[in-house]
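File shown here: target_6.pdb, holding PDB, C-alpha atoms.
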```pdb
MODEL        1
ATOM      1  CA  GLY D   1     -53.700  44.980  30.107
ATOM      2  CA  ALA D   2     -56.906  43.170  29.322
ATOM      3  CA  VAL D   3     -56.701  39.390  29.388
ATOM      4  CA  VAL D   4     -59.090  36.860  27.945
ATOM      5  CA  SER D   5     -58.729  33.288  29.089
ATOM      6  CA  GLN D   6     -60.006  30.522  26.829
ATOM      7  CA  HIS D   7     -60.279  26.871  27.859
ATOM      8  CA  PRO D   8     -59.586  24.199  26.934
ATOM      9  CA  SER D   9     -56.687  24.898  24.608
ATOM     10  CA  ARG D  10     -57.013  21.522  22.950
ATOM     11  CA  VAL D  11     -59.744  18.904  22.983
ATOM     12  CA  ILE D  12     -60.316  15.630  21.198
ATOM     13  CA  CYS D  13     -63.797  14.171  21.288
ATOM     14  CA  LYS D  14     -65.743  11.379  19.684
ATOM     15  CA  SER D  15     -68.223  12.007  16.933
ATOM     16  CA  GLY D  16     -71.706  12.641  18.309
ATOM     17  CA  THR D  17     -70.614  14.087  21.624
ATOM     18  CA  SER D  18     -70.813  17.709  22.744
ATOM     19  CA  VAL D  19     -67.929  19.981  23.679
ATOM     20  CA  LYS D  20     -68.028  23.198  25.701
ATOM     21  CA  ILE D  21     -65.463  25.951  25.267
ATOM     22  CA  GLU D  22     -65.194  28.741  27.828
ATOM     23  CA  CYS D  23     -64.092  32.293  27.296
ATOM     24  CA  ARG D  24     -63.487  34.517  30.324
ATOM     25  CA  SER D  25     -62.474  38.123  30.601
ATOM     26  CA  LEU D  26     -60.178  38.170  33.619
ATOM     27  CA  ASP D  27     -59.725  41.824  34.490
ATOM     28  CA  PHE D  28     -62.566  43.613  32.765
ATOM     29  CA  GLN D  29     -66.248  43.245  32.105
ATOM     30  CA  ALA D  30     -66.955  42.282  28.542
ATOM     31  CA  THR D  31     -70.162  43.711  27.196
ATOM     32  CA  THR D  32     -69.697  41.824  23.989
ATOM     33  CA  MET D  33     -67.892  38.630  23.103
ATOM     34  CA  PHE D  34     -67.246  37.194  19.686
ATOM     35  CA  TRP D  35     -66.668  33.640  18.542
ATOM     36  CA  TYR D  36     -64.544  32.941  15.500
ATOM     37  CA  ARG D  37     -63.628  29.820  13.627
ATOM     38  CA  GLN D  38     -60.360  29.503  11.802
ATOM     39  CA  PHE D  39     -59.768  26.892   9.154
ATOM     40  CA  PRO D  40     -56.217  25.841   8.267
ATOM     41  CA  LYS D  41     -54.393  28.490   6.274
ATOM     42  CA  GLN D  42     -57.451  30.712   6.300
ATOM     43  CA  SER D  43     -58.563  33.820   8.021
ATOM     44  CA  LEU D  44     -60.968  34.126  10.888
ATOM     45  CA  MET D  45     -64.627  33.588  10.227
ATOM     46  CA  LEU D  46     -67.002  35.294  12.636
ATOM     47  CA  MET D  47     -69.546  32.794  13.879
ATOM     48  CA  ALA D  48     -71.577  34.816  16.330
ATOM     49  CA  THR D  49     -71.684  37.847  18.568
ATOM     50  CA  SER D  50     -72.922  37.488  22.118
ATOM     51  CA  ASN D  51     -74.043  40.202  24.493
ATOM     52  CA  GLU D  52     -74.453  39.538  28.189
ATOM     53  CA  GLY D  53     -77.974  38.545  29.073
ATOM     54  CA  SER D  54     -79.321  38.329  25.566
ATOM     55  CA  LYS D  55     -79.413  35.809  22.754
ATOM     56  CA  ALA D  56     -76.407  35.564  20.511
ATOM     57  CA  THR D  57     -76.500  36.940  16.988
ATOM     58  CA  TYR D  58     -75.329  34.343  14.516
ATOM     59  CA  GLU D  59     -73.734  35.008  11.175
ATOM     60  CA  GLN D  60     -75.346  33.698   8.052
ATOM     61  CA  GLY D  61     -74.679  30.030   7.516
ATOM     62  CA  VAL D  62     -73.855  29.249  11.149
ATOM     63  CA  GLU D  63     -76.261  26.771  12.727
ATOM     64  CA  LYS D  64     -77.462  28.178  16.029
ATOM     65  CA  ASP D  65     -78.717  24.791  17.208
ATOM     66  CA  LYS D  66     -75.325  23.257  16.619
ATOM     67  CA  PHE D  67     -73.185  26.019  18.061
ATOM     68  CA  LEU D  68     -74.861  27.054  21.296
ATOM     69  CA  ILE D  69     -73.615  30.280  22.813
ATOM     70  CA  ASN D  70     -74.364  31.388  26.347
ATOM     71  CA  HIS D  71     -73.188  34.749  27.683
ATOM     72  CA  ALA D  72     -74.520  34.426  31.195
ATOM     73  CA  SER D  73     -72.326  37.044  32.856
ATOM     74  CA  LEU D  74     -70.160  40.003  31.943
ATOM     75  CA  THR D  75     -67.058  37.856  32.280
ATOM     76  CA  LEU D  76     -68.039  34.529  30.787
ATOM     77  CA  SER D  77     -69.266  33.289  27.428
ATOM     78  CA  THR D  78     -69.422  29.650  26.418
ATOM     79  CA  LEU D  79     -69.615  27.949  23.040
ATOM     80  CA  THR D  80     -70.997  24.428  22.988
ATOM     81  CA  VAL D  81     -70.521  22.372  19.861
ATOM     82  CA  THR D  82     -73.383  19.885  19.982
ATOM     83  CA  SER D  83     -73.316  16.468  18.335
ATOM     84  CA  ALA D  84     -69.853  17.183  16.990
ATOM     85  CA  HIS D  85     -68.743  15.685  13.695
ATOM     86  CA  PRO D  86     -65.307  15.520  12.071
ATOM     87  CA  GLU D  87     -66.148  18.502   9.860
ATOM     88  CA  ASP D  88     -66.483  20.590  13.036
ATOM     89  CA  SER D  89     -62.787  20.069  13.705
ATOM     90  CA  SER D  90     -61.230  23.491  13.673
ATOM     91  CA  PHE D  91     -59.537  26.197  15.702
ATOM     92  CA  TYR D  92     -62.056  28.285  17.652
ATOM     93  CA  ILE D  93     -61.107  31.690  19.026
ATOM     94  CA  CYS D  94     -63.087  34.031  21.232
ATOM     95  CA  SER D  95     -62.573  37.727  21.704
ATOM     96  CA  ALA D  96     -64.065  40.221  24.088
ATOM     97  CA  ILE D  97     -64.572  43.940  24.103
ATOM     98  CA  GLN D  98     -65.460  46.133  27.021
ATOM     99  CA  ASN D  99     -67.256  48.864  25.177
ATOM    100  CA  PRO D 100     -67.326  49.122  21.389
ATOM    101  CA  ARG D 101     -67.468  52.915  21.550
ATOM    102  CA  ASP D 102     -64.125  52.943  23.283
ATOM    103  CA  GLY D 103     -62.512  51.465  20.204
ATOM    104  CA  PRO D 104     -58.949  50.246  20.575
ATOM    105  CA  ASN D 105     -58.507  51.774  24.024
ATOM    106  CA  TYR D 106     -60.421  48.833  25.395
ATOM    107  CA  GLY D 107     -59.861  46.955  22.256
ATOM    108  CA  TYR D 108     -60.684  43.553  21.086
ATOM    109  CA  THR D 109     -58.788  41.081  23.250
ATOM    110  CA  PHE D 110     -58.470  37.554  21.972
ATOM    111  CA  GLY D 111     -58.344  34.267  23.776
ATOM    112  CA  SER D 112     -55.581  31.800  23.002
ATOM    113  CA  GLY D 113     -57.866  29.568  20.977
ATOM    114  CA  THR D 114     -59.173  26.009  21.241
ATOM    115  CA  ARG D 115     -58.100  23.292  18.844
ATOM    116  CA  LEU D 116     -61.064  20.926  18.472
ATOM    117  CA  THR D 117     -60.522  17.549  16.869
ATOM    118  CA  VAL D 118     -63.515  15.277  16.365
ATOM    119  CA  VAL D 119     -62.683  11.652  15.708
TER     120      VAL D 119
ATOM    121  CA  GLY Q  12     -69.473  44.024   4.225
ATOM    122  CA  GLU Q  13     -65.835  44.823   3.973
ATOM    123  CA  ASP Q  14     -63.442  42.929   1.707
ATOM    124  CA  VAL Q  15     -59.942  42.891   3.127
ATOM    125  CA  GLU Q  16     -57.093  41.371   1.145
ATOM    126  CA  GLN Q  17     -53.536  40.436   2.019
ATOM    127  CA  SER Q  18     -50.782  38.502   0.305
ATOM    128  CA  LEU Q  19     -50.656  35.014   1.737
ATOM    129  CA  PHE Q  20     -46.905  34.613   2.131
ATOM    130  CA  LEU Q  21     -43.807  36.712   2.730
ATOM    131  CA  SER Q  22     -40.236  35.558   3.308
ATOM    132  CA  VAL Q  23     -37.438  37.814   4.477
ATOM    133  CA  ARG Q  24     -33.926  37.352   5.786
ATOM    134  CA  GLU Q  25     -33.180  38.020   9.414
ATOM    135  CA  GLY Q  26     -32.183  41.636   9.903
ATOM    136  CA  ASP Q  27     -34.022  42.882   6.825
ATOM    137  CA  SER Q  28     -37.225  44.880   6.912
ATOM    138  CA  SER Q  29     -40.586  43.233   6.282
ATOM    139  CA  VAL Q  30     -43.516  45.014   4.695
ATOM    140  CA  ILE Q  31     -46.941  43.418   4.947
ATOM    141  CA  ASN Q  32     -49.685  44.957   2.866
ATOM    142  CA  CYS Q  33     -53.448  45.102   3.244
ATOM    143  CA  THR Q  34     -56.084  46.527   0.896
ATOM    144  CA  TYR Q  35     -59.701  47.096   1.710
ATOM    145  CA  THR Q  36     -62.889  48.241   0.036
ATOM    146  CA  ASP Q  37     -64.976  50.122   2.616
ATOM    147  CA  SER Q  38     -63.651  53.562   3.496
ATOM    148  CA  SER Q  39     -65.870  53.992   6.566
ATOM    149  CA  SER Q  40     -63.533  52.105   8.897
ATOM    150  CA  THR Q  41     -62.472  54.118  11.912
ATOM    151  CA  TYR Q  42     -59.790  51.888  13.369
ATOM    152  CA  LEU Q  43     -57.301  49.734  11.520
ATOM    153  CA  TYR Q  44     -55.467  47.053  13.453
ATOM    154  CA  TRP Q  45     -52.558  44.699  12.993
ATOM    155  CA  TYR Q  46     -52.618  41.398  14.849
ATOM    156  CA  LYS Q  47     -49.975  38.682  15.144
ATOM    157  CA  GLN Q  48     -50.822  35.008  15.465
ATOM    158  CA  GLU Q  49     -48.156  32.510  16.431
ATOM    159  CA  PRO Q  50     -48.723  28.802  15.716
ATOM    160  CA  GLY Q  51     -51.542  27.342  17.777
ATOM    161  CA  ALA Q  52     -52.210  30.591  19.577
ATOM    162  CA  GLY Q  53     -54.761  33.367  19.609
ATOM    163  CA  LEU Q  54     -54.318  36.828  18.185
ATOM    164  CA  GLN Q  55     -52.040  39.391  19.762
ATOM    165  CA  LEU Q  56     -52.713  43.050  19.072
ATOM    166  CA  LEU Q  57     -49.538  44.629  17.722
ATOM    167  CA  THR Q  58     -50.643  48.126  16.907
ATOM    168  CA  TYR Q  59     -53.498  50.130  15.494
ATOM    169  CA  ILE Q  60     -54.064  53.379  13.671
ATOM    170  CA  PHE Q  61     -56.999  55.740  13.513
ATOM    171  CA  SER Q  62     -58.404  56.527  10.089
ATOM    172  CA  ASN Q  63     -57.441  60.196  10.474
ATOM    173  CA  MET Q  64     -53.746  59.306  10.736
ATOM    174  CA  ASP Q  65     -51.301  58.592   7.940
ATOM    175  CA  MET Q  66     -48.509  57.003   9.884
ATOM    176  CA  LYS Q  67     -47.815  55.566  13.291
ATOM    177  CA  GLN Q  68     -44.495  54.256  14.578
ATOM    178  CA  ASP Q  69     -44.039  52.060  17.601
ATOM    179  CA  GLN Q  70     -40.482  50.799  18.136
ATOM    180  CA  ARG Q  71     -39.757  48.418  15.238
ATOM    181  CA  LEU Q  72     -43.265  48.712  13.829
ATOM    182  CA  THR Q  73     -44.399  51.366  11.375
ATOM    183  CA  VAL Q  74     -47.960  51.527  10.103
ATOM    184  CA  LEU Q  75     -48.757  53.484   6.959
ATOM    185  CA  LEU Q  76     -52.286  54.296   5.870
ATOM    186  CA  ASN Q  77     -53.169  55.542   2.387
ATOM    187  CA  LYS Q  78     -56.848  56.303   2.560
ATOM    188  CA  LYS Q  79     -57.081  57.356  -1.058
ATOM    189  CA  ASP Q  80     -55.831  53.976  -2.240
ATOM    190  CA  LYS Q  81     -57.448  52.111   0.696
ATOM    191  CA  HIS Q  82     -54.087  50.581   1.506
ATOM    192  CA  LEU Q  83     -52.620  49.760   4.896
ATOM    193  CA  SER Q  84     -49.127  48.455   5.506
ATOM    194  CA  LEU Q  85     -47.073  47.197   8.409
ATOM    195  CA  ARG Q  86     -43.307  47.543   8.298
ATOM    196  CA  ILE Q  87     -41.203  45.532  10.718
ATOM    197  CA  ALA Q  88     -37.657  46.809  10.972
ATOM    198  CA  ASP Q  89     -34.748  44.485  11.736
ATOM    199  CA  THR Q  90     -36.934  41.414  11.397
ATOM    200  CA  GLN Q  91     -36.071  38.607  13.805
ATOM    201  CA  THR Q  92     -36.843  34.891  13.723
ATOM    202  CA  GLY Q  93     -39.312  35.465  16.537
ATOM    203  CA  ASP Q  94     -41.338  37.613  14.168
ATOM    204  CA  SER Q  95     -42.256  34.543  12.123
ATOM    205  CA  ALA Q  96     -46.026  34.293  12.411
ATOM    206  CA  ILE Q  97     -49.262  35.083  10.599
ATOM    207  CA  TYR Q  98     -50.140  38.761  10.513
ATOM    208  CA  PHE Q  99     -53.733  39.921  10.128
ATOM    209  CA  CYS Q 100     -54.995  43.365   9.373
ATOM    210  CA  ALA Q 101     -58.446  44.111  10.726
ATOM    211  CA  LEU Q 102     -60.823  47.014  10.266
ATOM    212  CA  GLY Q 103     -63.441  48.305  12.658
ATOM    213  CA  GLN Q 104     -65.873  51.171  13.000
ATOM    214  CA  THR Q 105     -66.822  53.375  15.923
ATOM    215  CA  GLY Q 106     -69.790  51.914  17.714
ATOM    216  CA  ALA Q 107     -69.846  48.821  15.562
ATOM    217  CA  ASN Q 108     -69.028  45.504  17.097
ATOM    218  CA  ASN Q 109     -67.436  43.343  14.505
ATOM    219  CA  LEU Q 110     -63.963  43.490  13.045
ATOM    220  CA  PHE Q 111     -63.334  42.613   9.421
ATOM    221  CA  PHE Q 112     -60.191  40.547   9.083
ATOM    222  CA  GLY Q 113     -57.823  40.214   6.203
ATOM    223  CA  THR Q 114     -56.837  36.836   4.898
ATOM    224  CA  GLY Q 115     -53.593  36.850   6.864
ATOM    225  CA  THR Q 116     -49.971  36.933   5.707
ATOM    226  CA  ARG Q 117     -47.626  34.200   6.814
ATOM    227  CA  LEU Q 118     -44.236  35.787   7.472
ATOM    228  CA  THR Q 119     -41.226  33.489   7.415
ATOM    229  CA  VAL Q 120     -37.924  34.852   8.632
ATOM    230  CA  ILE Q 121     -34.903  33.057   7.242
ATOM    231  CA  PRO Q 122     -31.891  32.996   9.594
TER     232      PRO Q 122
ENDMDL
END
```
Is it possible to give me this structure as structure tokens?
Amino acid sequence: GAVVSQHPSRVICKSGTSVKIECRSLDFQATTMFWYRQFPKQSLMLMATSNEGSKATYEQGVEKDKFLINHASLTLSTLTVTSAHPEDSSFYICSAIQNPRDGPNYGYTFGSGTRLTVV
Amino acid sequence: GEDVEQSLFLSVREGDSSVINCTYTDSSSTYLYWYKQEPGAGLQLLTYIFSNMDMKQDQRLTVLLNKKDKHLSLRIADTQTGDSAIYFCALGQTGANNLFFGTGTRLTVIP
């Protein structure tokens, strides 16, 4: 089945530095990738939707200059948390879909998540 | 947007059945999913149902959809300790990109 690889799984960084998280679709081409943020004991919050070769669409309240998303190829999207602060500490999850019109047949496949801790 | 609600916690004894419920507000959803999230991990698709179906069974999992009441449920038969996790319902539409997630239900299986 479809596999999405997300790296790193865990990262600790100092306040003020930037962190890049990668999301790769291993055995399919992902036309669209999504980035979610999950707070403790809470559901997933969609941060942005990225389509290959175009600018990401950010959800309301998500700072595009802070959370840089690059979907440079059909198999790779990256999320860069710039000038990270402790309040950015969270669990970030990506998901990818091959073709939205195919629905669950090529459904939303999730990465394993990245635990970001900013100290 | 869609409001999707779930109970936050559910505890069951090993071997019993678990029923996780999900209510939603927008009736235009085409696909309704159930995902499982184990601690520190991403989401694993368990099963899904089309909006034109009432019931779907897949081994120990049974999904029931009541469109009139906008209610979706997931029944896990013979619940095992390995089923302990957070379960999310999610709703999607044909041609639309985003999924709307429920708040998640933390299932605890007591040995």
For this session: Check which residues satisfy the ChimeraX specification (/Q :<12) & /D in the file shown, then give them as number ranges by chain.
Result: D: 1-7, 9-10, 31-51, 57-59, 90-116
For this session: Within 12 Å of Gln68 of chain Q, counting only C-alpha atoms, which residues show up once you throw out same-chain ones fewer than 3 positions away? Write them as an NGL selection string, please.
Result: :Q and (57-60 or 64-65 or 71-76 or 84-88)
Problem set entry | Selection under test: the PyMOL selection byres ((chain D and resi 83-85) around 7); residues as a ChimeraX atom specification | /D:15-18,81-82,86-88,118
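Between Gln91 of chain Q and the residues Q:Asn77, Q:Ser18, Q:Thr119, Q:Thr36, the shortest atom-to-atom distance, using only C-alpha atoms, involves Q:Thr119.
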For this session: List the neighbours of Pro122 of chain Q out to 8 Å using all atoms listed in the file; skip same-chain residues closer than 2 positions along the sequence, and give me the result as an MDAnalysis selection string.
Result: chainID Q and resid 24:25 92 120
